[in-house]
Structures are given as structure tokens and as C-alpha cells.
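A.B. asks: You'll find entry_24.txt just under this line, and it carries compact mmCIF, C-alpha atoms and all ligand atoms.
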# COMPACT_ATOMS: atom_id res chain seq x y z
CA MET A 15 8.31 4.39 -8.12
CA PRO A 16 6.90 3.22 -4.79
CA GLU A 17 7.79 5.08 -1.63
CA ASP A 18 7.99 3.58 1.83
CA TYR A 19 6.59 5.50 4.75
CA ARG A 20 6.91 4.93 8.44
CA CYS A 21 5.50 6.62 11.51
CA SER A 22 8.23 7.77 13.85
CA SER A 23 6.02 7.17 16.90
CA CYS A 24 4.12 3.92 16.39
CA SER A 25 6.15 2.38 13.52
CA LEU A 26 3.16 2.06 11.24
CA VAL A 27 4.48 1.28 7.76
CA PHE A 28 2.94 1.44 4.34
CA MET A 29 3.83 2.34 0.81
CA VAL A 30 2.31 4.25 -2.04
CA GLY A 31 3.25 4.30 -5.70
CA ASN A 32 3.32 1.98 -8.66
CA PHE A 33 4.99 -1.32 -9.40
CA TYR A 34 5.33 -2.47 -12.98
CA TYR A 35 5.46 -6.19 -13.60
CA PHE A 36 8.10 -7.82 -15.73
CA LYS A 37 5.99 -10.87 -16.39
CA LEU A 38 2.53 -10.30 -17.72
CA ASP A 39 1.21 -13.87 -17.97
CA SER A 40 -1.01 -13.27 -14.96
CA GLY A 41 -3.08 -10.84 -17.02
CA TYR A 42 -1.99 -7.96 -14.79
CA GLY A 43 0.57 -5.35 -15.71
CA SER A 44 1.03 -3.14 -12.71
CA LYS A 45 0.00 -2.44 -9.17
CA SER A 46 -0.77 0.86 -7.44
CA MET A 47 -0.03 0.78 -3.75
CA ILE A 48 -2.60 2.79 -1.81
CA VAL A 49 -3.25 3.33 1.86
CA CYS A 50 -6.37 3.94 3.91
CA ARG A 51 -6.01 7.37 5.47
CA ASN A 52 -8.39 6.46 8.24
CA CYS A 53 -6.51 3.48 9.66
CA GLY A 54 -3.24 3.12 7.74
CA THR A 55 -3.93 -0.30 6.26
CA GLN A 56 -2.11 -1.07 3.03
CA HIS A 57 -4.21 -1.80 -0.01
CA ALA A 58 -3.36 -1.95 -3.70
CA ILE A 59 -5.09 -1.94 -7.02
CA GLU A 60 -3.80 -4.43 -9.51
CA HIS A 61 -4.30 -3.24 -13.07
CA SER A 62 -5.14 -5.71 -15.78
CA ILE A 63 -3.45 -5.47 -19.16
CA LYS A 64 -5.62 -4.44 -22.07
CA LYS A 65 -5.76 -7.67 -24.01
CA SER A 66 -6.45 -9.78 -20.97
CA SER A 67 -9.96 -10.77 -19.89
CA LYS A 68 -9.12 -9.78 -16.31
CA LYS A 69 -10.54 -6.76 -14.53
CA ASP A 70 -8.67 -4.48 -12.16
CA ARG A 71 -8.85 -5.82 -8.65
CA LEU A 72 -8.31 -4.76 -5.08
CA LEU A 73 -5.51 -6.28 -3.02
CA PHE A 74 -5.24 -5.73 0.68
CA GLN A 75 -3.57 -6.34 4.00
CA THR A 76 -5.91 -7.51 6.72
CA LYS A 77 -4.59 -4.99 9.25
CA PRO A 78 -2.20 -2.06 9.66
CA ILE A 79 1.43 -3.16 9.93
CA HIS A 80 3.86 -1.88 12.54
CA LEU A 81 7.44 -2.63 11.86
CA ILE A 82 9.72 -2.37 14.83
CA GLU A 83 13.33 -2.31 13.72
CA THR A 84 15.67 -4.55 15.58
CA GLU A 85 18.37 -2.66 17.35
CA GLY A 86 21.73 -2.64 15.62
CA VAL A 87 20.46 -3.98 12.33
CA ALA A 88 21.24 -1.65 9.50
CA ARG A 89 18.45 -1.12 7.08
CA GLU A 90 19.69 -1.65 3.60
CA LYS A 91 16.62 -2.85 1.81
CA PRO A 92 13.22 -1.26 1.72
CA PHE A 93 11.19 -2.77 4.52
CA ILE A 94 8.78 -4.39 2.14
CA TYR A 95 11.12 -7.36 1.95
CA GLU A 96 11.33 -7.74 5.68
CA SER A 97 7.67 -7.74 6.50
CA GLU A 98 4.38 -9.29 5.58
CA PHE A 99 3.99 -6.61 2.98
CA LEU A 100 4.25 -8.72 -0.10
CA GLU A 101 1.48 -11.00 1.03
CA LEU A 102 -1.48 -9.06 -0.19
CA LYS A 103 -4.83 -10.82 -0.18
CA VAL A 104 -7.04 -10.66 -3.21
CA GLY A 105 -10.27 -8.72 -2.94
CA GLU A 106 -13.04 -7.78 -5.30
CA GLU A 107 -12.88 -6.32 -8.79
CA VAL A 108 -12.70 -2.54 -8.71
CA ASN A 109 -12.22 0.27 -11.13
CA LEU A 110 -10.74 3.68 -10.62
CA LYS A 111 -14.06 5.44 -11.16
CA THR A 112 -15.75 3.66 -8.30
CA MET A 113 -12.89 3.82 -5.80
CA LYS A 114 -14.82 6.26 -3.64
CA ASP A 115 -17.31 3.48 -2.94
CA VAL A 116 -14.71 0.89 -2.07
CA GLN A 117 -14.48 0.02 1.61
CA CYS A 118 -11.31 -0.40 3.58
CA LYS A 119 -10.93 -4.07 4.50
CA PHE A 120 -9.90 -3.18 8.02
CA CYS A 121 -11.88 -0.14 9.22
CA ASN A 122 -14.69 -0.30 6.65
CA SER A 123 -14.50 3.39 5.76
CA LYS A 124 -15.33 4.33 2.23
CA GLY A 125 -13.38 6.63 -0.04
CA THR A 126 -10.44 6.97 2.34
CA PHE A 127 -7.82 5.52 0.02
CA SER A 128 -4.89 7.69 -0.90
CA PHE A 129 -2.64 7.12 -3.90
CA VAL A 130 -0.10 9.61 -2.64
CA TRP A 131 1.06 10.62 0.80
CA LYS A 132 1.42 14.30 1.58
CA LYS A 133 3.83 15.68 4.15
CA LYS A 134 1.01 17.34 6.07
CA TYR A 135 -0.80 14.06 6.67
CA LYS A 136 -0.46 12.71 10.18
CA CYS A 137 -0.30 9.06 11.17
CA PRO A 138 -3.81 7.57 11.00
CA ASN A 139 -3.01 5.38 13.97
CA CYS A 140 -1.41 7.74 16.50
CA GLY A 141 -1.34 11.22 14.96
CA GLY A 142 2.46 11.14 14.85
CA ASP A 143 4.77 12.20 12.07
CA ILE A 144 5.12 10.02 9.03
CA LYS A 145 8.52 9.97 7.37
CA GLU A 146 9.48 8.78 3.95
CA VAL A 147 11.93 5.93 4.52
CA SER A 148 13.02 5.11 1.04
CA SER A 149 11.95 5.30 -2.50
CA TRP A 150 13.13 2.93 -5.14
CA THR A 151 12.79 1.87 -8.73
CA THR A 152 11.16 -1.35 -9.76
ZN ZN B 201 1.78 6.42 14.28
ZN ZN B 202 -9.07 1.79 6.86
Please express the file's structure as C-alpha cells.
Ligand SMILES: [Zn+2]
Ligand SMILES: [Zn+2]
C.D. replies:
Amino acid sequence: MPEDYRCSSCSLVFMVGNFYYFKLDSGYGSKSMIVCRNCGTQHAIEHSIKKSSKKDRLLFQTKPIHLIETEGVAREKPFIYESEFLELKVGEEVNLKTMKDVQCKFCNSKGTFSFVWKKKYKCPNCGGDIKEVSSWTT
């Protein structure tokens, strides 16, 4: 179940958690949303299904995303649908064992990816408080 997070100061948004695909013809069965703790850029690992010839691969956003809510518009859906979030670019093949060597596509740090977000973590962009906005079932 993916969870949406948002910084209350600079409106940085990202999500962490897993999506499971309904259609498996792509050779991939699920996606783990991960975030760079150094800069806040969204990345993901797409997991191949066992019988496919595909390897797990990295997906990424090219930069951190700040979502400013329009005044007076009620938020009913998770913000992923309102933003550029779904448009993840395809990166290199990765595997979970070598994740510590994988570089962030935006800030180039290595081993800064987080699969979960802890309450004590501060916003990588401004040091502000990050709040969980919504969590939902795929
Ligand atoms: Zn912030
Ligand atoms: Zn980064």
C-alpha cells in the first residue's frame, strides 16, 4: 500500500510503498516506490515476474516535485493523479542487493534510497516537517 507524503513547508511530494500490477504482460509484476533521502526525488524499482526474461529495473523522476495545492480545491484523490508522478522514466537494471551502489538520478548520491519514510525524517529539501497525506490500496 503506497503512502503519499508532503512537506508542509516547501510542498515537496513523494510516495513510498508497493504497487501490484493487474496486467503482467509487460514482464513486471510490481513496483516499489522509493525516495532519495538526500534530495527528495522519487524513484521506483520495478520488479520483474519470475517467468519473464526481464530484470528488475530502476524508474525515476528527473527532479524533486513540489505540488502546490490550488486554493479552494478539495483534495479527494491521492496527488499522484494530479501531478507528473506517474511519468517515471526508465533507468538501468538494478537488483535489491546492489541498491547501495545505485546513484540518485538527480543529486547523484549513492545508497540514499529509502523504501519507507519514518516520522523523524525531515524534508530533504528544506528541513521542514513531512506529513503523510494519504495511503491507499491498489
Ligand atoms: Zn520541504
Ligand atoms: Zn537524490
A.B. asks: If the limit is 9 Å from any atom of ligand ZN 201 (chain B), counting only C-alpha atoms and all ligand atoms, which residues qualify? Return them as a ChimeraX atom specification.
C.D. replies: /A:20-27,54,80,136-144
A.B. asks: Could you give me, as a Markdown table, every chain A residue with an atom at most 8 Å from ligand ZN 202 (chain B), plus its closest atom pair and distance in Å to one decimal, counting only C-alpha atoms and all ligand atoms, rows ordered by chain then number?
C.D. replies:
| residue | atom | partner | partner_atom | distance |
| --- | --- | --- | --- | --- |
| A:Val49 | CA | B:ZN202 | ZN | 7.8 |
| A:Cys50 | CA | B:ZN202 | ZN | 4.5 |
| A:Arg51 | CA | B:ZN202 | ZN | 6.5 |
| A:Asn52 | CA | B:ZN202 | ZN | 4.9 |
| A:Cys53 | CA | B:ZN202 | ZN | 4.2 |
| A:Gly54 | CA | B:ZN202 | ZN | 6.0 |
| A:Thr55 | CA | B:ZN202 | ZN | 5.6 |
| A:Gln117 | CA | B:ZN202 | ZN | 7.7 |
| A:Cys118 | CA | B:ZN202 | ZN | 4.5 |
| A:Lys119 | CA | B:ZN202 | ZN | 6.6 |
| A:Phe120 | CA | B:ZN202 | ZN | 5.2 |
| A:Cys121 | CA | B:ZN202 | ZN | 4.1 |
| A:Asn122 | CA | B:ZN202 | ZN | 6.0 |
| A:Ser123 | CA | B:ZN202 | ZN | 5.8 |
| A:Thr126 | CA | B:ZN202 | ZN | 7.0 |
| A:Phe127 | CA | B:ZN202 | ZN | 7.9 |
A.B. asks: Find, counting only C-alpha atoms, the residue in A:Trp131, A:Gln75, A:Pro16, A:Gly125 that gets nearest to Leu110 of chain A.
C.D. replies: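 Using only C-alpha atoms, Leu110 of chain A sits closest to A:Gly125.
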A.B. asks: Go through A:Leu38, A:Leu72, A:Lys77, A:Ser62 one by one, measure the shortest atom-to-atom distance of each to Thr112 of chain A using all atoms listed in the file, and give the residue with the smallest value.
C.D. replies: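 Selected residue with least distance to Thr112 of chain A: A:Leu72.
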A.B. asks: With distances taken over all atoms listed in the file, which residue among A:Lys145, A:Glu60, A:Ser128, A:Gly105 lies nearest Val30 of chain A?
C.D. replies: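 Ranking A:Lys145, A:Glu60, A:Ser128, A:Gly105 by distance to Val30 of chain A, first place goes to A:Ser128.
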A.B. asks: One number please: atom CA of Ser66 of chain A to atom CA of Gly41 of chain A, in Å, one decimal.
C.D. replies: 5.3 Å
A.B. asks: Interatomic distance between atom CA of Lys132 of chain A and atom CA of Phe74 of chain A?
C.D. replies: 21.1 Å
A.B. asks: At what distance in Å, to one decimal, does atom CA of Asp115 of chain A lie from atom CA of Ser44 of chain A?
C.D. replies: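 Straight-line distance from atom CA of Ser44 of chain A to atom CA of Asp115 of chain A works out to 21.8 Å.
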A.B. asks: Using only C-alpha atoms for the distances, tell me which of A:Phe28, A:Lys64, A:Arg71, A:Val108 is nearest to Lys45 of chain A.
C.D. replies: A:Arg71
